[in-house]
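Visitor: Data file data.cif (mmCIF, C-alpha atoms) is appended below.
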```cif
data_structure
#
loop_
_atom_site.group_PDB
_atom_site.id
_atom_site.type_symbol
_atom_site.label_atom_id
_atom_site.label_comp_id
_atom_site.auth_asym_id
_atom_site.auth_seq_id
_atom_site.Cartn_x
_atom_site.Cartn_y
_atom_site.Cartn_z
ATOM 1 C CA ALA A 11 116.380 98.816 101.889
ATOM 2 C CA GLN A 12 116.495 98.619 98.137
ATOM 3 C CA SER A 13 119.201 97.207 95.885
ATOM 4 C CA VAL A 14 119.700 96.727 92.169
ATOM 5 C CA THR A 15 121.818 94.157 90.370
ATOM 6 C CA GLN A 16 122.782 94.457 86.738
ATOM 7 C CA LEU A 17 124.142 91.239 85.298
ATOM 8 C CA GLY A 18 127.176 91.912 83.146
ATOM 9 C CA SER A 19 129.269 95.040 83.475
ATOM 10 C CA HIS A 20 130.102 94.895 79.756
ATOM 11 C CA VAL A 21 128.023 93.710 76.826
ATOM 12 C CA SER A 22 129.160 93.526 73.217
ATOM 13 C CA VAL A 23 126.608 93.314 70.414
ATOM 14 C CA SER A 24 126.778 93.493 66.653
ATOM 15 C CA GLU A 25 125.035 96.300 64.838
ATOM 16 C CA GLY A 26 121.513 95.128 64.014
ATOM 17 C CA ALA A 27 121.466 92.470 66.731
ATOM 18 C CA LEU A 28 119.235 92.307 69.780
ATOM 19 C CA VAL A 29 120.319 94.286 72.819
ATOM 20 C CA LEU A 30 119.382 92.703 76.161
ATOM 21 C CA LEU A 31 120.465 94.255 79.443
ATOM 22 C CA ARG A 32 119.446 92.515 82.644
ATOM 23 C CA CYS A 33 118.276 94.167 85.832
ATOM 24 C CA ASN A 34 117.030 92.564 89.031
ATOM 25 C CA TYR A 35 115.992 94.424 92.130
ATOM 26 C CA SER A 36 115.350 93.809 95.779
ATOM 27 C CA SER A 37 112.789 95.918 97.585
ATOM 28 C CA SER A 38 110.364 95.526 100.471
ATOM 29 C CA VAL A 39 107.633 97.094 98.330
ATOM 30 C CA PRO A 40 107.229 97.073 94.552
ATOM 31 C CA PRO A 41 109.403 100.001 93.527
ATOM 32 C CA TYR A 42 109.337 102.432 90.692
ATOM 33 C CA LEU A 43 111.864 101.301 88.079
ATOM 34 C CA PHE A 44 114.019 103.290 85.697
ATOM 35 C CA TRP A 45 116.593 102.848 82.981
ATOM 36 C CA TYR A 46 119.054 105.651 82.355
ATOM 37 C CA VAL A 47 121.691 105.978 79.645
ATOM 38 C CA GLN A 48 124.986 107.820 79.982
ATOM 39 C CA TYR A 49 127.022 108.831 76.968
ATOM 40 C CA PRO A 50 130.724 109.664 77.452
ATOM 41 C CA ASN A 51 131.314 112.779 79.538
ATOM 42 C CA GLN A 52 127.627 113.436 79.913
ATOM 43 C CA GLY A 53 125.019 113.152 82.623
ATOM 44 C CA LEU A 54 122.265 110.577 82.833
ATOM 45 C CA GLN A 55 119.329 110.617 80.458
ATOM 46 C CA LEU A 56 116.095 108.797 81.218
ATOM 47 C CA LEU A 57 115.287 106.047 78.718
ATOM 48 C CA LEU A 58 112.077 104.808 80.294
ATOM 49 C CA LYS A 59 110.348 104.226 83.587
ATOM 50 C CA TYR A 60 107.757 101.943 85.131
ATOM 51 C CA THR A 61 105.500 103.219 87.881
ATOM 52 C CA THR A 62 102.076 101.608 87.527
ATOM 53 C CA GLY A 63 99.893 100.127 84.818
ATOM 54 C CA ALA A 64 101.119 98.264 81.776
ATOM 55 C CA THR A 65 104.189 96.212 82.581
ATOM 56 C CA LEU A 66 105.744 96.598 79.128
ATOM 57 C CA VAL A 67 107.152 100.081 78.908
ATOM 58 C CA LYS A 68 108.395 101.747 75.763
ATOM 59 C CA GLY A 69 111.040 104.413 75.907
ATOM 60 C CA ILE A 70 113.140 106.585 73.689
ATOM 61 C CA ASN A 71 115.484 105.395 70.942
ATOM 62 C CA GLY A 72 113.529 102.166 70.391
ATOM 63 C CA PHE A 73 114.184 100.703 73.843
ATOM 64 C CA GLU A 74 111.606 98.897 75.925
ATOM 65 C CA ALA A 75 111.551 97.101 79.250
ATOM 66 C CA GLU A 76 109.181 94.696 80.947
ATOM 67 C CA PHE A 77 108.449 94.680 84.653
ATOM 68 C CA LYS A 78 108.094 91.121 85.968
ATOM 69 C CA LYS A 79 107.099 91.200 89.592
ATOM 70 C CA SER A 80 107.408 87.453 90.095
ATOM 71 C CA GLU A 81 111.001 87.572 88.872
ATOM 72 C CA THR A 82 111.802 90.982 90.418
ATOM 73 C CA SER A 83 113.232 91.949 87.056
ATOM 74 C CA PHE A 84 113.149 94.881 84.687
ATOM 75 C CA HIS A 85 115.251 93.873 81.694
ATOM 76 C CA LEU A 86 115.921 96.367 78.916
ATOM 77 C CA THR A 87 115.760 95.375 75.250
ATOM 78 C CA LYS A 88 116.126 96.835 71.812
ATOM 79 C CA PRO A 89 115.444 94.674 68.754
ATOM 80 C CA SER A 90 118.203 96.085 66.574
ATOM 81 C CA ALA A 91 121.347 97.749 67.904
ATOM 82 C CA HIS A 92 122.670 100.911 66.327
ATOM 83 C CA MET A 93 126.180 102.291 66.636
ATOM 84 C CA SER A 94 124.760 105.251 68.541
ATOM 85 C CA ASP A 95 123.586 102.880 71.301
ATOM 86 C CA ALA A 96 127.153 102.520 72.549
ATOM 87 C CA ALA A 97 126.961 103.943 76.063
ATOM 88 C CA GLU A 98 126.602 102.917 79.684
ATOM 89 C CA TYR A 99 123.182 101.929 80.936
ATOM 90 C CA PHE A 100 121.957 102.109 84.502
ATOM 91 C CA CYS A 101 118.950 100.484 86.077
ATOM 92 C CA ALA A 102 117.537 102.251 89.131
ATOM 93 C CA VAL A 103 114.706 101.994 91.638
ATOM 94 C CA SER A 104 112.916 104.427 93.885
ATOM 95 C CA ASP A 105 110.404 104.088 96.698
ATOM 96 C CA PRO A 106 106.871 104.773 95.432
ATOM 97 C CA LYS A 107 105.782 105.797 98.919
ATOM 98 C CA ALA A 108 108.244 108.661 98.964
ATOM 99 C CA ALA A 109 107.617 111.936 97.217
ATOM 100 C CA GLY A 110 110.466 112.944 94.979
ATOM 101 C CA ASN A 111 112.784 110.597 93.162
ATOM 102 C CA LYS A 112 115.711 109.443 95.298
ATOM 103 C CA LEU A 113 117.287 106.673 93.262
ATOM 104 C CA THR A 114 119.235 103.522 94.039
ATOM 105 C CA PHE A 115 121.332 102.482 91.049
ATOM 106 C CA GLY A 116 122.735 99.259 89.753
ATOM 107 C CA GLY A 117 126.391 99.010 88.857
ATOM 108 C CA GLY A 118 125.849 99.838 85.201
ATOM 109 C CA THR A 119 126.365 97.935 81.954
ATOM 110 C CA ARG A 120 128.630 99.327 79.276
ATOM 111 C CA VAL A 121 127.439 98.471 75.768
ATOM 112 C CA LEU A 122 129.834 98.151 72.869
ATOM 113 C CA VAL A 123 128.338 97.953 69.390
ATOM 114 C CA LYS A 124 130.425 96.251 66.722
ATOM 115 C CA PRO A 125 129.965 97.174 63.073
ATOM 116 C CA GLY B 10 117.962 127.530 82.082
ATOM 117 C CA ALA B 11 116.449 124.552 80.341
ATOM 118 C CA GLY B 12 118.343 121.898 82.244
ATOM 119 C CA VAL B 13 120.369 121.219 85.364
ATOM 120 C CA SER B 14 123.632 123.154 85.261
ATOM 121 C CA GLN B 15 126.761 122.173 87.169
ATOM 122 C CA SER B 16 130.007 124.033 87.575
ATOM 123 C CA PRO B 17 132.855 123.641 87.175
ATOM 124 C CA SER B 18 132.788 120.799 84.682
ATOM 125 C CA ASN B 19 136.265 119.754 85.748
ATOM 126 C CA LYS B 20 138.206 120.463 88.905
ATOM 127 C CA VAL B 21 141.720 119.416 89.829
ATOM 128 C CA THR B 22 142.732 120.046 93.400
ATOM 129 C CA GLU B 23 145.579 119.165 95.696
ATOM 130 C CA LYS B 24 145.073 116.700 98.494
ATOM 131 C CA GLY B 25 144.035 118.492 101.658
ATOM 132 C CA LYS B 26 142.384 121.454 99.941
ATOM 133 C CA ASP B 27 138.690 122.274 100.168
ATOM 134 C CA VAL B 28 136.488 122.327 97.059
ATOM 135 C CA GLU B 29 133.022 123.639 96.272
ATOM 136 C CA LEU B 30 130.838 122.225 93.534
ATOM 137 C CA ARG B 31 127.798 124.127 92.329
ATOM 138 C CA CYS B 32 124.431 122.973 90.995
ATOM 139 C CA ASP B 33 121.683 125.084 89.425
ATOM 140 C CA PRO B 34 118.504 123.001 89.226
ATOM 141 C CA ILE B 35 115.695 123.304 86.740
ATOM 142 C CA SER B 36 113.527 126.293 87.587
ATOM 143 C CA GLY B 37 110.579 125.256 89.733
ATOM 144 C CA HIS B 38 112.106 121.966 90.849
ATOM 145 C CA THR B 39 111.940 121.856 94.607
ATOM 146 C CA ALA B 40 113.834 118.584 95.016
ATOM 147 C CA LEU B 41 117.589 118.440 94.477
ATOM 148 C CA TYR B 42 119.894 115.445 94.705
ATOM 149 C CA TRP B 43 123.647 114.879 94.707
ATOM 150 C CA TYR B 44 125.178 111.602 93.569
ATOM 151 C CA ARG B 45 128.773 110.464 93.230
ATOM 152 C CA GLN B 46 130.003 108.279 90.405
ATOM 153 C CA SER B 47 133.322 106.566 90.907
ATOM 154 C CA LEU B 48 135.058 103.586 89.345
ATOM 155 C CA GLY B 49 134.983 101.409 92.381
ATOM 156 C CA GLN B 50 131.609 102.348 93.843
ATOM 157 C CA GLY B 51 129.339 103.065 90.890
ATOM 158 C CA LEU B 52 126.595 105.640 91.392
ATOM 159 C CA GLU B 53 126.023 106.497 95.026
ATOM 160 C CA PHE B 54 123.411 108.734 96.573
ATOM 161 C CA LEU B 55 124.884 111.508 98.708
ATOM 162 C CA ILE B 56 122.204 113.976 99.799
ATOM 163 C CA TYR B 57 118.648 114.985 98.961
ATOM 164 C CA PHE B 58 117.032 118.383 99.537
ATOM 165 C CA GLN B 59 113.253 118.178 99.595
ATOM 166 C CA GLY B 60 111.716 121.618 99.601
ATOM 167 C CA ASN B 61 111.689 123.159 103.061
ATOM 168 C CA SER B 62 112.100 119.847 104.870
ATOM 169 C CA ALA B 63 115.327 118.788 106.530
ATOM 170 C CA PRO B 64 117.674 117.295 103.929
ATOM 171 C CA ASP B 65 118.301 113.571 103.739
ATOM 172 C CA LYS B 66 122.033 113.359 104.407
ATOM 173 C CA SER B 67 122.151 109.598 104.787
ATOM 174 C CA GLY B 68 124.527 109.088 101.857
ATOM 175 C CA LEU B 69 127.285 111.494 102.837
ATOM 176 C CA PRO B 70 130.414 109.343 103.268
ATOM 177 C CA SER B 71 132.099 111.393 105.990
ATOM 178 C CA ASP B 72 131.858 114.645 107.915
ATOM 179 C CA ARG B 73 134.223 116.200 105.379
ATOM 180 C CA PHE B 74 131.240 116.348 103.016
ATOM 181 C CA SER B 75 128.500 118.922 103.406
ATOM 182 C CA ALA B 76 125.944 120.606 101.202
ATOM 183 C CA GLU B 77 123.618 123.520 101.375
ATOM 184 C CA ARG B 78 120.833 124.871 99.272
ATOM 185 C CA THR B 79 120.231 128.579 99.360
ATOM 186 C CA GLY B 80 116.842 130.100 98.652
ATOM 187 C CA GLY B 81 115.468 126.755 97.595
ATOM 188 C CA SER B 82 117.422 126.890 94.365
ATOM 189 C CA VAL B 83 121.202 126.731 93.911
ATOM 190 C CA SER B 84 123.087 124.074 95.844
ATOM 191 C CA THR B 85 126.740 123.830 96.793
ATOM 192 C CA LEU B 86 128.481 120.592 97.714
ATOM 193 C CA THR B 87 131.598 121.200 99.793
ATOM 194 C CA ILE B 88 134.347 118.685 100.384
ATOM 195 C CA GLN B 89 136.857 119.657 103.036
ATOM 196 C CA ARG B 90 140.420 118.368 103.259
ATOM 197 C CA THR B 91 140.060 116.422 100.033
ATOM 198 C CA GLN B 92 141.519 112.935 99.755
ATOM 199 C CA GLN B 93 142.462 110.966 96.656
ATOM 200 C CA GLU B 94 139.502 108.665 97.164
ATOM 201 C CA ASP B 95 137.222 111.684 96.689
ATOM 202 C CA SER B 96 138.171 111.697 92.999
ATOM 203 C CA ALA B 97 134.934 111.017 91.131
ATOM 204 C CA VAL B 98 132.232 112.592 89.020
ATOM 205 C CA TYR B 99 129.697 114.416 91.142
ATOM 206 C CA LEU B 100 126.244 114.497 89.587
ATOM 207 C CA CYS B 101 123.394 116.759 90.551
ATOM 208 C CA ALA B 102 119.755 116.121 89.694
ATOM 209 C CA SER B 103 116.483 117.911 90.318
ATOM 210 C CA SER B 104 112.823 117.007 90.248
ATOM 211 C CA LEU B 105 109.423 118.087 91.395
ATOM 212 C CA ILE B 106 108.342 116.870 94.809
ATOM 213 C CA ARG B 107 105.441 114.673 93.967
ATOM 214 C CA TYR B 108 104.759 111.021 93.339
ATOM 215 C CA ASN B 109 105.492 109.437 89.998
ATOM 216 C CA THR B 110 108.055 112.036 89.053
ATOM 217 C CA GLU B 111 111.356 111.997 87.190
ATOM 218 C CA ALA B 112 114.790 113.302 88.106
ATOM 219 C CA PHE B 113 116.782 115.277 85.536
ATOM 220 C CA PHE B 114 120.565 115.141 85.738
ATOM 221 C CA GLY B 115 123.282 117.653 85.068
ATOM 222 C CA GLN B 116 126.450 116.758 83.194
ATOM 223 C CA GLY B 117 128.454 116.438 86.369
ATOM 224 C CA THR B 118 131.660 117.815 87.821
ATOM 225 C CA ARG B 119 134.734 115.639 87.418
ATOM 226 C CA LEU B 120 136.865 116.052 90.523
ATOM 227 C CA THR B 121 140.476 114.910 90.512
ATOM 228 C CA VAL B 122 142.467 115.045 93.721
ATOM 229 C CA VAL B 123 146.227 114.906 93.164
#
```
Output the file's structure as structure tokens, nothing else.

Guide:
Amino acid sequence: AQSVTQLGSHVSVSEGALVLLRCNYSSSVPPYLFWYVQYPNQGLQLLLKYTTGATLVKGINGFEAEFKKSETSFHLTKPSAHMSDAAEYFCAVSDPKAAGNKLTFGGGTRVLVKP
Amino acid sequence: GAGVSQSPSNKVTEKGKDVELRCDPISGHTALYWYRQSLGQGLEFLIYFQGNSAPDKSGLPSDRFSAERTGGSVSTLTIQRTQQEDSAVYLCASSLIRYNTEAFFGQGTRLTVV
């Protein structure tokens, strides 16, 4: 069974400051890892994903995440927060041995950006 | 269409009534997923249709929930005898059936049971 833990259900950052959202997973095999963003009243949009290869993954809107197998982590960062980054962020995993993309999600982290 | 389409976007129903939620996946996507997003439970997997294979129903919370996918395209999620705890946003996603793929989500249906 897989599980995902996101530390901090709410994060407040100042505009221009570093954004750091934490994600740890539990899985019997190294999973595929994803970060999704959800803006108010919208569906989920993929920010980035890690499947194989380079462990530092760059995504849209200036976000990046690093897969650390030894720490079972996949933390999301952005060097400089923008007001438009205010949203809820979800970390998710899937089983790389399964075709398709059935996801197990973390609880989500809501980001507030202060001017 | 270009993306996953869900209808209705909002649904208010009385406790005890049945509801049907519709999902139109991206053309050519043979995998379709339903998730539920609620305040207390976060994002939960409900059901997964994978081409012509038997669906993975392991996430359905009770026998009041069912889903079908007709012609390998449109899917309908049905909730019978709705309860207040069924109030949530129901999200549909679709993807190709292959390894190293990505799921694309619709905007969801917000269900309120009163």

Visitor: Point out the residue among A:Asn51, A:Ser38, A:Ser94, A:Ser80 with the least atom-to-atom distance to Val121 of chain A, counting only C-alpha atoms.

Guide: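 Going through A:Asn51, A:Ser38, A:Ser94, A:Ser80 one by one, the smallest distance to Val121 of chain A is for A:Ser94.
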
Visitor: Taking only C-alpha atoms into account and nothing else, which residues of chain B lie no more than 6 Å away from chain A? Please answer as a PDB file with C-alpha atoms, in the coordinates of the input.

Guide:
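And here is the file that came out, part02.pdb:
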```
ATOM      1  CA  GLY B  51     129.339 103.065  90.890  1.00  0.00           C
ATOM      2  CA  ILE B 106     108.342 116.870  94.809  1.00  0.00           C
ATOM      3  CA  ARG B 107     105.441 114.673  93.967  1.00  0.00           C
ATOM      4  CA  TYR B 108     104.759 111.021  93.339  1.00  0.00           C
ATOM      5  CA  PHE B 114     120.565 115.141  85.738  1.00  0.00           C
ATOM      6  CA  GLY B 115     123.282 117.653  85.068  1.00  0.00           C
ATOM      7  CA  GLN B 116     126.450 116.758  83.194  1.00  0.00           C
TER       8      GLN B 116
END
```

Visitor: If you count all atoms listed in the file, which residues fall within 10 Å of Phe113 of chain B, apart from same-chain ones fewer than 4 positions away, as a PyMOL selection string?

Guide: (chain A and resi 53-56+111) or (chain B and resi 12-13+34-35+38+41-42+101-105)

Visitor: Tell me which of A:Pro40, A:His20, A:Arg32, A:Pro125 sits closest to Met93 of chain A, counting all atoms listed in the file.

Guide: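 Of all the options, A:Pro125 lies closest to Met93 of chain A.
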
Visitor: Could you tell me how far atom CA of Ala40 of chain B sits from atom CA of Tyr57 of chain B, in Å to one decimal place?

Guide: 7.2 Å

Visitor: Can you work out which one of B:Thr110, B:Tyr99, B:Leu52, B:Lys66 has the shortest atom-to-atom distance to Lys20 of chain B, counting only C-alpha atoms?

Guide: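 Checking each candidate against Lys20 of chain B, we get B:Tyr99 as the closest.
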
Visitor: With distances taken over only C-alpha atoms, which residue among B:Val21, B:Thr85, B:Glu29, B:Thr39 lies nearest Ala112 of chain B?

Guide: B:Thr39

Visitor: Expand the PyMOL selection byres ((chain A and resi 75) around 12) into the explicit residue set it covers here, and present it as a ChimeraX atom specification.

Guide: /A:29-33,43-46,57-60,64-70,72-74,76-78,83-89,101

Visitor: Could you work out how far atom CA of Ser14 of chain B lies from atom CA of Gly81 of chain B, giving the answer in Å with one decimal?

Guide: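 These two atoms are separated by 15.2 Å.
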
Visitor: Got a sec: who's within 8 Å of Val123 of chain B, counting only C-alpha atoms, leaving out chain neighbours fewer than 6 positions off, as a PyMOL selection string?

Guide: chain B and resi 21-24+93

Visitor: Return as a list in words the set of residues that the PyMOL selection byres ((chain B and resi 31) around 7) yields on the displayed structure.

Guide: Gln15, Ser16, Glu29, Leu30, Cys32, Asp33, Ser84, Thr85 and Leu86 of chain B

Visitor: Can you sort out the box for segment 58-67 of chain B, edges along x, y and z, all listed atoms in, 3 Å on every side, with centre and edge lengths in Å to one decimal, as JSON?

Guide:
```
{"center_x": 116.9, "center_y": 116.4, "center_z": 103.0, "size_x": 16.5, "size_y": 19.6, "size_z": 13.0}
```

Visitor: Determine the nearest neighbour of Lys124 of chain A from the options A:Glu98, A:Ser37, A:Ser22, A:Leu28, counting all atoms listed in the file.

Guide: A:Ser22

Visitor: Please indicate the distance in Å from atom CA of Thr15 of chain A to atom CA of Gly117 of chain B, rounded to one decimal place.

Guide: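 We find that atom CA of Thr15 of chain A and atom CA of Gly117 of chain B lie 23.6 Å from each other.
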
Visitor: Could you check the closest approach to Val83 of chain B for each of B:Ser96, B:Thr118, B:Ser62, B:Ser36 and tell me which residue wins, using all atoms listed in the file?

Guide: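 Among B:Ser96, B:Thr118, B:Ser62, B:Ser36, it is B:Ser36 that comes nearest to Val83 of chain B.
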
Visitor: I'd like the residues picked by the PyMOL selection byres ((chain B and resi 88-91) around 6) written out as a PyMOL selection string, using the chain letters and numbers from the file.

Guide: chain B and resi 24-28+73-74+87+92
